[in-house]
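Participant: Let me begin by handing over the structure; questions about it come next.
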Amino acid sequence: MFNKQTVLIVDDSPSILKMLASCIKGLCQMKTAHSGRECLEIAAQIPQPDLILLDVSMPEMDGYEVCEQLKMNPVTAAIPVIFVTGLQGEKDEEKGLMIGAVDYITKPFRPAIVAARVSTHLTIKLQQDKLNQLAFYDQLTGLYNRHYLMDVAKQKMQASQQQQHPLWVLMIDVDHFKSINDNHGHSVGDLVLQQVGEALAIDDETAVTARSGGEEFVILFDQCEDEEAFNKAILLLDAVESLNPHKINVTISIGMAKISEQDKDFDSLLKRADIALYKAKENGRNRLELAF
Ligand SMILES: Nc1nc2c(ncn2[C@@H]2O[C@H](COP(=O)(O)OP(=O)(O)OP(=O)(O)O)[C@@H](O)[C@H]2O)c(=O)[nH]1
């Protein structure tokens, strides 16, 4: 059931690493780290581990410090940690749980207990991942959904205002999408939305692409200067036009707005992009219009 999940085992002793690995063999995939520093590095790399089995007593950086650093970093904070330790005092266990570990296994450990606890926490992680998938992602295109977009937009808006860097919002609507549905059927319409979604999913750290509803998408570009933002938007028009799914000519219209002093909140920026989108539709579609 957990075959695709990965557990990162961290211990400075190669023999303990081996023993722990044999306890959970067959339950999941495994990675190992021999120090706290190595653990922090691996935990931040994609694909991230789903669970970390972490030794407490290690030279240089002990497990408590590693756990604190994992929990402080938003990239690794959600990875559950189980401490595996020879320290058996109540205070040690309390400390481990207080700094964010989900469980605490003492050495010498019993293989069946390690396997059972790892299974339990992998099940919880799997359920958590499914909930996140439903809460933040659009099920048809795999892009972020409107709920996630609004959350991230507020954060980006604040950062842009505080750090004085640009933020762009692109409102994108598939042209004459109703007639695609009417002429080719709803399932072909769905396929078109999936392909448009793929074409709009810019692989770039400054961009967030979401399907905001129906045949409408929103992209945020942050820390992006005017010319670069404009060029990226033009490329999107071309990328969608060259799709031709089922030989259907698909185009989009884009309304584009840059944050300005008049935007007290994200809704105001979005509204300006929406007005520009309306103008792009009025002016013939398959085009981009900039908001004032
Ligand atoms: N296949 C499919 N259709 C959808 C989905 N969500 C919304 N739609 C359809 O999208 C169509 C949107 O049509 P309209 O808002 O009239 O706009 P349009 O035909 O794209 O025309 P313009 O926007 O004016 O260019 C409607 O027919 C909806 O039923 C979906 O998830 N899948």
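Chains: A, B, ... in order of the structure tokens. Residues: from 1 per chain. Ligands: from 1, in order shown.
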Within 6 Å of Glu241 in chain A, counting only C-alpha atoms, which residues qualify if same-chain residues fewer than 3 places away don't, as a list in words?

Facilitator: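 Answer for this query is Asp238, Val250 and Thr251 of chain A.
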
Participant: Enumerate residues in contact with ligand 1: an atom-to-atom distance of at most 8 Å, counting only C-alpha atoms and all ligand atoms. Format the result as a ChimeraX atom specification.

Facilitator: /A:140,173-182,185-193,213-215,252-253,281,285

Participant: Within 9 Å of range 71-78 of chain A, counting only C-alpha atoms, which residues qualify if same-chain residues fewer than 3 places away don't, as a PyMOL selection string?

Facilitator: chain A and resi 40+43-44+48+50+66-68+99-100

Participant: Print the selection's residues with C-alpha atoms to a file, as a compact mmCIF listing (two decimals), in the first residue's frame.

Facilitator:
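Final output, again07.txt:
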# COMPACT_ATOMS: atom_id res chain seq x y z
CA LEU A 40 18.41 18.26 6.22
CA ALA A 43 14.65 16.13 3.31
CA ALA A 44 14.53 19.30 1.20
CA GLN A 48 10.76 14.46 -0.36
CA ASP A 50 7.18 10.87 3.64
CA VAL A 66 17.76 18.50 13.27
CA CYS A 67 14.05 18.15 14.09
CA GLU A 68 13.84 21.83 15.11
CA ILE A 99 9.59 19.91 19.31
CA GLY A 100 7.28 18.31 16.79

Participant: Taking the chain letters and numbering used in this document, name the residues of range 37-248 of chain A that DSSP puts in strand (DSSP E), as a ChimeraX atom specification.

Facilitator: /A:51-55,81-85,103-106,167-174,207-213,216-222

Participant: Provide the CA of Leu51 in chain A to CA of Gln155 in chain A distance in Å, to one decimal place.

Facilitator: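 Straight-line distance from CA of Leu51 in chain A to CA of Gln155 in chain A works out to 28.1 Å.
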
Participant: Residues at most 12 Å from Pro108 in chain A, counting only C-alpha atoms, excluding those fewer than 3 positions away in the same chain, as a PyMOL selection string?

Facilitator: chain A and resi 16+19-20+84-88+105+111+113-114

Participant: With only C-alpha atoms as the basis for distance, which of A:Gly89, A:Pro80, A:Pro59, A:Gly197 is at the shortest distance from Val7 in chain A?

Facilitator: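 When distances to Val7 in chain A are compared using only C-alpha atoms, the smallest one comes from A:Pro80.
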
Participant: Restricting the calculation to only C-alpha atoms: of A:Ala280, A:Leu53, A:Ile42, A:Ala229, which residue gets closest to His121 in chain A?

Facilitator: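 Under the stated criterion, the closest residue is A:Leu53.
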
Participant: Of the candidates A:Leu237, A:Asn286, A:Thr6, A:Glu205, which shows the shortest atom-to-atom distance to Lys125 in chain A, using only C-alpha atoms?

Facilitator: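 For Lys125 in chain A, the nearest of the candidates is A:Thr6.
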
Participant: Can you list, as a PyMOL selection string, every protein, DNA or RNA residue that comes within 10 Å of Val218 in chain A when you count only C-alpha atoms, leaving out same-chain residues fewer than 4 positions away?

Facilitator: chain A and resi 144-146+149+169-173+200+208-213+254-256+270+273

Participant: Excluding Ala199 in chain A and residues on its chain fewer than 4 positions from it, collect all residues at most 9 Å away from it, counting only C-alpha atoms, and give them as a PyMOL selection string.

Facilitator: chain A and resi 194-195+236+239-240+243

Participant: Write the residues of the selection above to a file with N, CA and C atoms, as a PDB file, in the first residue's frame.

Facilitator:
ATOM      1  N   GLN A 194      -7.596  20.229 -20.156  1.00  0.00           N
ATOM      2  CA  GLN A 194      -6.363  19.613 -19.627  1.00  0.00           C
ATOM      3  C   GLN A 194      -5.151  20.079 -20.430  1.00  0.00           C
ATOM      4  N   GLN A 195      -5.307  20.095 -21.760  1.00  0.00           N
ATOM      5  CA  GLN A 195      -4.161  20.488 -22.590  1.00  0.00           C
ATOM      6  C   GLN A 195      -3.841  21.972 -22.446  1.00  0.00           C
ATOM      7  N   LEU A 236       2.341  32.413 -24.080  1.00  0.00           N
ATOM      8  CA  LEU A 236       1.198  31.572 -23.707  1.00  0.00           C
ATOM      9  C   LEU A 236       0.147  31.547 -24.823  1.00  0.00           C
ATOM     10  N   ALA A 239       1.518  29.221 -27.362  1.00  0.00           N
ATOM     11  CA  ALA A 239       1.541  27.818 -26.904  1.00  0.00           C
ATOM     12  C   ALA A 239       0.152  27.205 -27.023  1.00  0.00           C
ATOM     13  N   VAL A 240      -0.880  27.954 -26.656  1.00  0.00           N
ATOM     14  CA  VAL A 240      -2.244  27.391 -26.728  1.00  0.00           C
ATOM     15  C   VAL A 240      -2.688  27.263 -28.186  1.00  0.00           C
ATOM     16  N   LEU A 243      -1.693  24.097 -29.991  1.00  0.00           N
ATOM     17  CA  LEU A 243      -2.101  22.788 -29.439  1.00  0.00           C
ATOM     18  C   LEU A 243      -2.866  21.931 -30.462  1.00  0.00           C
TER      19      LEU A 243
END

Participant: If we count only C-alpha atoms and set the cut-off at 7 Å, which residues sit around Ala33 in chain A, ignoring sequence neighbours fewer than 5 positions away in its own chain? Please answer as an NGL selection string.

Facilitator: :A and (9-11 or 38-39)

Participant: Please, could you write that set of residues out with N, CA and C atoms as a short mmCIF file (atom, residue, chain, number, x, y, z; two decimals), in the first residue's frame?

Facilitator:
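File produced: result-v3.cif:
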data_model
loop_
_atom_site.label_atom_id
_atom_site.label_comp_id
_atom_site.auth_asym_id
_atom_site.auth_seq_id
_atom_site.Cartn_x
_atom_site.Cartn_y
_atom_site.Cartn_z
N ILE A 9 15.96 7.21 6.79
CA ILE A 9 16.48 6.73 8.08
C ILE A 9 17.79 7.46 8.36
N VAL A 10 17.87 8.06 9.55
CA VAL A 10 19.05 8.87 9.86
C VAL A 10 19.72 8.34 11.12
N ASP A 11 20.95 7.89 10.97
CA ASP A 11 21.70 7.41 12.14
C ASP A 11 23.19 7.45 11.79
N GLU A 38 23.23 15.85 6.56
CA GLU A 38 22.82 15.09 5.37
C GLU A 38 21.30 14.91 5.36
N CYS A 39 20.74 14.70 6.57
CA CYS A 39 19.28 14.54 6.67
C CYS A 39 18.58 15.81 6.18
#

Participant: Could you give me, as a PyMOL selection string, each residue of range 147-274 of chain A that DSSP assigns to helix (DSSP H, G or I) when run on this structure's backbone?

Facilitator: chain A and resi 147-163+177-184+186-200+226-241+245-247+266-274

Participant: Measuring atom to atom with only C-alpha atoms, identify which of A:Ala112, A:Ser22, A:Met30, A:His246 is nearest to Lys4 in chain A.

Facilitator: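 For Lys4 in chain A, the nearest of the given residues is A:Met30.
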